[in-house]
Each structure stands twice: as C-alpha cells, then as structure tokens.
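Presented below is the structure to which this report refers.
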Amino acid sequence: MGCGRTGSTLAQLVEDRGHTVAVVDQNPDAFRRLGAGFEGRRVVGVGYDRDTLLEAGIQEAFAFAAVSSGDNSNILAARVARETFGVSKVVARIYDPGRAEVYQRLGIPTVATVRWTADQMARRLLSVDATAEYRDASGSVILAEVQVHLGWVGRRMATLEAAVGGRVAFLTRLGEGLVPGPDTVYQEGDLVHLVIRETELEEAQKLLAAAPAEELL
C-alpha cells in the first residue's frame, strides 16, 4: 500500500526478484513511478478497505507492506492485512518513533523512518558505539556494524578477523554489499559488519577504533 518513492522502489525490487506484486494507492497518477516495465497489478483505492484489498489479491498474499505517507493509514492497513486476511508477513512504515515502538510491542513490525535515517546518518558522521543489527536466539552471538580506524586501510580481512576473534560477515562498499574473502583488503569508506560473541564486542570495537599494531600484516 502506497506508491510513493518508497512504495514504488519496493514494488520494483520485489518484482525483480521474481515475485508477483500488487500496488494500492488512492492516486492513480502515483503509478507513473512504477515505470512501463512493471507487470504487477495497479489498484486504485484505500489500502485498508476490504474490497480494495480483495481486488489487489490480499487473499493470496504472502506478505503486505504499508508504506503510504500516513502513520494511521499504514498501521490500520497492516492490522487489516494480518488480522482480517491472515497475512503472515506484515510491516508498516511509521514516521513517529514513539508510535513505532508501541506497535512493535503489539507484534506489528514497523520501520520508524525518522529514527532509522537519523541513526544511519549519525553512524556515518560520528564515532559511535557498535549497535547490534542481528542477535541469535540465545543472545550470545550478534551481527554489528563496527567503526574501523583508517590505519586498517590496506589490511586483509583475515588480519582484521584474527585481531578481534570475529568474522566479517559483509562489507558495505560504495553503497553495495560485498561478501569479503580472507584476502579482501579494507578500503577507506568501507562499513564493516562483524559477527562476534556479544561478550567480545566491546574489546573488538576498541581494537578496531585504533590503528593496528605494526606486527599485523
């Protein structure tokens, strides 16, 4: 639901991965963002209206995303999709971080746009503590983006991993994800996503925030 910049990009991304997509929006002109190559359904209507959702094929849907510009519309549509039609995978975009936390506790997955964007910007601008992006069921192993000192530029991933006792799950380089090999070298601007035991994260962060010891090759 919602064919703004986020909705149209998401629809095209999901379709490009081989899925069938239906997009709902009250404004028929919004569908222009989808482009001529989009093969999914375009349904004009209110995204939380039962008849509109049925026209879009909600009864056959595997997942539903509510990404309109209105928090109330998004959360209402998400609840209708989940509670009325039994869609198992539902997510809603919420601009108000406070509301997002409330709905998250109610079991409705949300993306709080303002907080997420601000957090990501801060992490690119400031030296901030690593934040867990994923945690295993036991809570002992986490995936975290860690800050790396420029002194590590040119050092191999194998060297970095040996120093901290973790594994580099992936790098974000020039906006693209990269799964590194042991001989992949750290480049300026790389974002390092490290898998490590939670008890070892603090020490790993300290090591990577400083230039490496000279004996490391």
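Letters A, B, ... mark the chains of the structure tokens in the order given; residue numbers begin at 1 per chain; ligand numbers begin at 1, in order shown.
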
Long-range neighbours of Tyr95 of chain A as a VMD selection string, 12 Å cut-off, only C-alpha atoms, 2 positions minimum in chain: chain A and resid 67 to 75 92 to 93 97 to 101 110 to 118

Backbone DSSP call of strand (DSSP E) for segment 94-206 of chain A, listed as number ranges by chain: A: 94, 110-112, 131-135, 141-146, 167-173, 176-178, 191-197

Based on the selection just made, write C-alpha atoms of those residues as an mmCIF file, in the first residue's frame.
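The resulting result-v6.cif:
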```
data_model
loop_
_atom_site.group_PDB
_atom_site.id
_atom_site.type_symbol
_atom_site.label_atom_id
_atom_site.label_comp_id
_atom_site.auth_asym_id
_atom_site.auth_seq_id
_atom_site.Cartn_x
_atom_site.Cartn_y
_atom_site.Cartn_z
ATOM 1 C CA ILE A 94 5.768 4.715 10.814
ATOM 2 C CA THR A 110 7.453 -1.354 11.904
ATOM 3 C CA VAL A 111 10.136 0.756 10.277
ATOM 4 C CA ALA A 112 10.434 4.103 12.046
ATOM 5 C CA THR A 131 24.903 -1.422 17.531
ATOM 6 C CA ALA A 132 23.605 -4.961 17.085
ATOM 7 C CA GLU A 133 21.908 -5.459 13.702
ATOM 8 C CA TYR A 134 21.069 -9.091 14.455
ATOM 9 C CA ARG A 135 21.194 -11.311 17.534
ATOM 10 C CA VAL A 141 26.210 -14.016 19.060
ATOM 11 C CA ILE A 142 25.494 -10.716 17.319
ATOM 12 C CA LEU A 143 25.996 -9.026 13.982
ATOM 13 C CA ALA A 144 27.132 -5.434 14.444
ATOM 14 C CA GLU A 145 28.418 -2.607 12.280
ATOM 15 C CA VAL A 146 31.726 -1.502 13.803
ATOM 16 C CA ARG A 167 34.140 -12.861 11.350
ATOM 17 C CA VAL A 168 33.421 -10.102 8.861
ATOM 18 C CA ALA A 169 30.003 -11.133 7.554
ATOM 19 C CA PHE A 170 29.935 -8.453 4.871
ATOM 20 C CA LEU A 171 31.158 -5.013 3.881
ATOM 21 C CA THR A 172 29.158 -2.110 2.543
ATOM 22 C CA ARG A 173 31.363 -0.520 -0.116
ATOM 23 C CA GLU A 176 26.794 -2.013 -2.304
ATOM 24 C CA GLY A 177 27.031 -5.158 -0.187
ATOM 25 C CA LEU A 178 30.187 -7.236 -0.533
ATOM 26 C CA LEU A 191 31.392 -0.241 6.520
ATOM 27 C CA VAL A 192 32.340 -3.401 8.372
ATOM 28 C CA HIS A 193 29.618 -5.748 9.658
ATOM 29 C CA LEU A 194 31.131 -8.118 12.183
ATOM 30 C CA VAL A 195 29.773 -11.379 13.625
ATOM 31 C CA ILE A 196 31.127 -11.904 17.120
ATOM 32 C CA ARG A 197 30.199 -13.054 20.602
#
```

Of the listed residues A:Ala65, A:Glu200, A:Glu60, A:Lys206, that which approaches Gly165 of chain A most closely, counting only C-alpha atoms: A:Glu200

Nearest-residue call for Gly154 of chain A, choices A:Ala11, A:Gly181, A:Gln187, A:Gly175, using only C-alpha atoms: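 That would be A:Gln187, the residue with the smallest distance to Gly154 of chain A.
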
Test item: residues at most 9 Å from Val90 of chain A, only C-alpha atoms, excluding those fewer than 5 positions along its chain, as a short mmCIF file (atom, residue, chain, number, x, y, z; two decimals) with N, CA and C atoms, in the first residue's frame:
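Heads up, here's the output in out.cif:
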```
data_model
loop_
_atom_site.label_atom_id
_atom_site.label_comp_id
_atom_site.auth_asym_id
_atom_site.auth_seq_id
_atom_site.Cartn_x
_atom_site.Cartn_y
_atom_site.Cartn_z
N PHE A 62 1.44 -13.40 0.26
CA PHE A 62 2.42 -13.94 1.18
C PHE A 62 2.89 -12.86 2.15
N ALA A 63 2.89 -11.60 1.68
CA ALA A 63 3.39 -10.50 2.52
C ALA A 63 2.68 -9.22 2.14
N PHE A 64 2.67 -8.27 3.09
CA PHE A 64 2.00 -6.98 2.88
C PHE A 64 2.84 -5.87 3.50
N ALA A 65 3.08 -4.82 2.74
CA ALA A 65 3.84 -3.67 3.23
C ALA A 65 2.99 -2.42 3.13
N ALA A 66 2.85 -1.70 4.24
CA ALA A 66 2.09 -0.45 4.27
C ALA A 66 3.08 0.70 4.33
N ALA A 78 -2.07 -2.43 7.98
CA ALA A 78 -1.28 -3.58 8.44
C ALA A 78 -2.10 -4.50 9.32
N ARG A 79 -2.91 -3.91 10.19
CA ARG A 79 -3.74 -4.72 11.08
C ARG A 79 -4.82 -5.46 10.30
N ALA A 81 -4.64 -6.41 7.17
CA ALA A 81 -3.98 -7.48 6.41
C ALA A 81 -3.68 -8.68 7.30
N ARG A 82 -3.23 -8.41 8.51
CA ARG A 82 -2.84 -9.51 9.40
C ARG A 82 -4.04 -10.14 10.09
N ILE A 108 3.35 -5.83 15.69
CA ILE A 108 3.29 -5.38 14.30
C ILE A 108 4.65 -4.80 13.92
N PRO A 109 5.43 -5.50 13.11
CA PRO A 109 6.75 -4.99 12.72
C PRO A 109 6.64 -3.63 12.05
N THR A 110 7.49 -2.71 12.46
CA THR A 110 7.45 -1.35 11.90
C THR A 110 8.85 -0.89 11.52
#
```

Coordinates-based distance that separates atom CA of Val80 of chain A from atom CA of Leu54 of chain A (Å, one decimal): 11.5 Å

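Of the residues listed (A:Asp16, A:Leu53, A:Thr159, A:Leu10), A:Thr159 shows the shortest atom-to-atom separation from Asp183 of chain A; distances use only C-alpha atoms.
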
Residue neighbourhood Met157 of chain A, 7 Å, only C-alpha atoms, exclusion window fewer than 4 positions, as a list in words: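 Everything that qualifies: Glu161, Pro182, Asp183, Thr184, Val185 and Tyr186 of chain A.
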
Would you mind listing what lies within 9 Å of Val148 of chain A as a compact mmCIF listing (two decimals) with N, CA, C and O atoms, in the first residue's frame, with only C-alpha atoms counted and same-chain residues fewer than 5 positions away left out?
```
# COMPACT_ATOMS: atom_id res chain seq x y z
N VAL A 153 43.34 0.57 6.65
CA VAL A 153 43.24 0.60 5.19
C VAL A 153 44.40 -0.21 4.60
O VAL A 153 45.56 -0.04 4.97
N ASP A 190 34.74 1.85 3.71
CA ASP A 190 34.04 0.58 3.92
C ASP A 190 33.30 0.58 5.25
O ASP A 190 33.83 1.08 6.26
N LEU A 191 32.11 0.00 5.28
CA LEU A 191 31.39 -0.24 6.52
C LEU A 191 31.53 -1.72 6.83
O LEU A 191 31.18 -2.56 6.00
N VAL A 192 32.04 -2.03 8.00
CA VAL A 192 32.34 -3.40 8.37
C VAL A 192 31.24 -3.95 9.28
O VAL A 192 30.93 -3.36 10.32
N GLN A 205 35.68 -3.64 19.39
CA GLN A 205 35.44 -2.26 18.99
C GLN A 205 36.64 -1.38 19.34
O GLN A 205 37.05 -0.52 18.56
N LEU A 207 39.77 -2.34 19.67
CA LEU A 207 40.89 -2.69 18.81
C LEU A 207 40.76 -2.05 17.42
O LEU A 207 41.73 -1.53 16.87
N LEU A 208 39.55 -2.11 16.87
CA LEU A 208 39.34 -1.59 15.52
C LEU A 208 39.26 -0.07 15.46
O LEU A 208 39.51 0.52 14.41
N ALA A 209 38.96 0.56 16.58
CA ALA A 209 38.89 2.02 16.62
C ALA A 209 40.26 2.66 16.67
O ALA A 209 40.40 3.88 16.54
N ALA A 210 41.30 1.84 16.86
CA ALA A 210 42.68 2.34 16.91
C ALA A 210 43.47 1.75 15.74
O ALA A 210 43.06 0.75 15.14
N ALA A 211 44.57 2.38 15.40
CA ALA A 211 45.44 1.85 14.34
C ALA A 211 45.97 0.48 14.75
O ALA A 211 46.22 0.22 15.93
```

Polymer residues at most 7 Å from segment 29-42 of chain A, only C-alpha atoms, same-chain spacing of 3 or more positions, as a list of chain:residue names: A:Cys3, A:Gly4, A:Ser8, A:Gln12, A:Thr20, A:Val21, A:Ala22, A:Val23, A:Val24, A:Ala56

Point-to-point distance from atom CA of Val43 of chain A to atom CA of Glu55 of chain A, Å rounded to tenths: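 Atom CA of Glu55 of chain A lies 7.2 Å from atom CA of Val43 of chain A.
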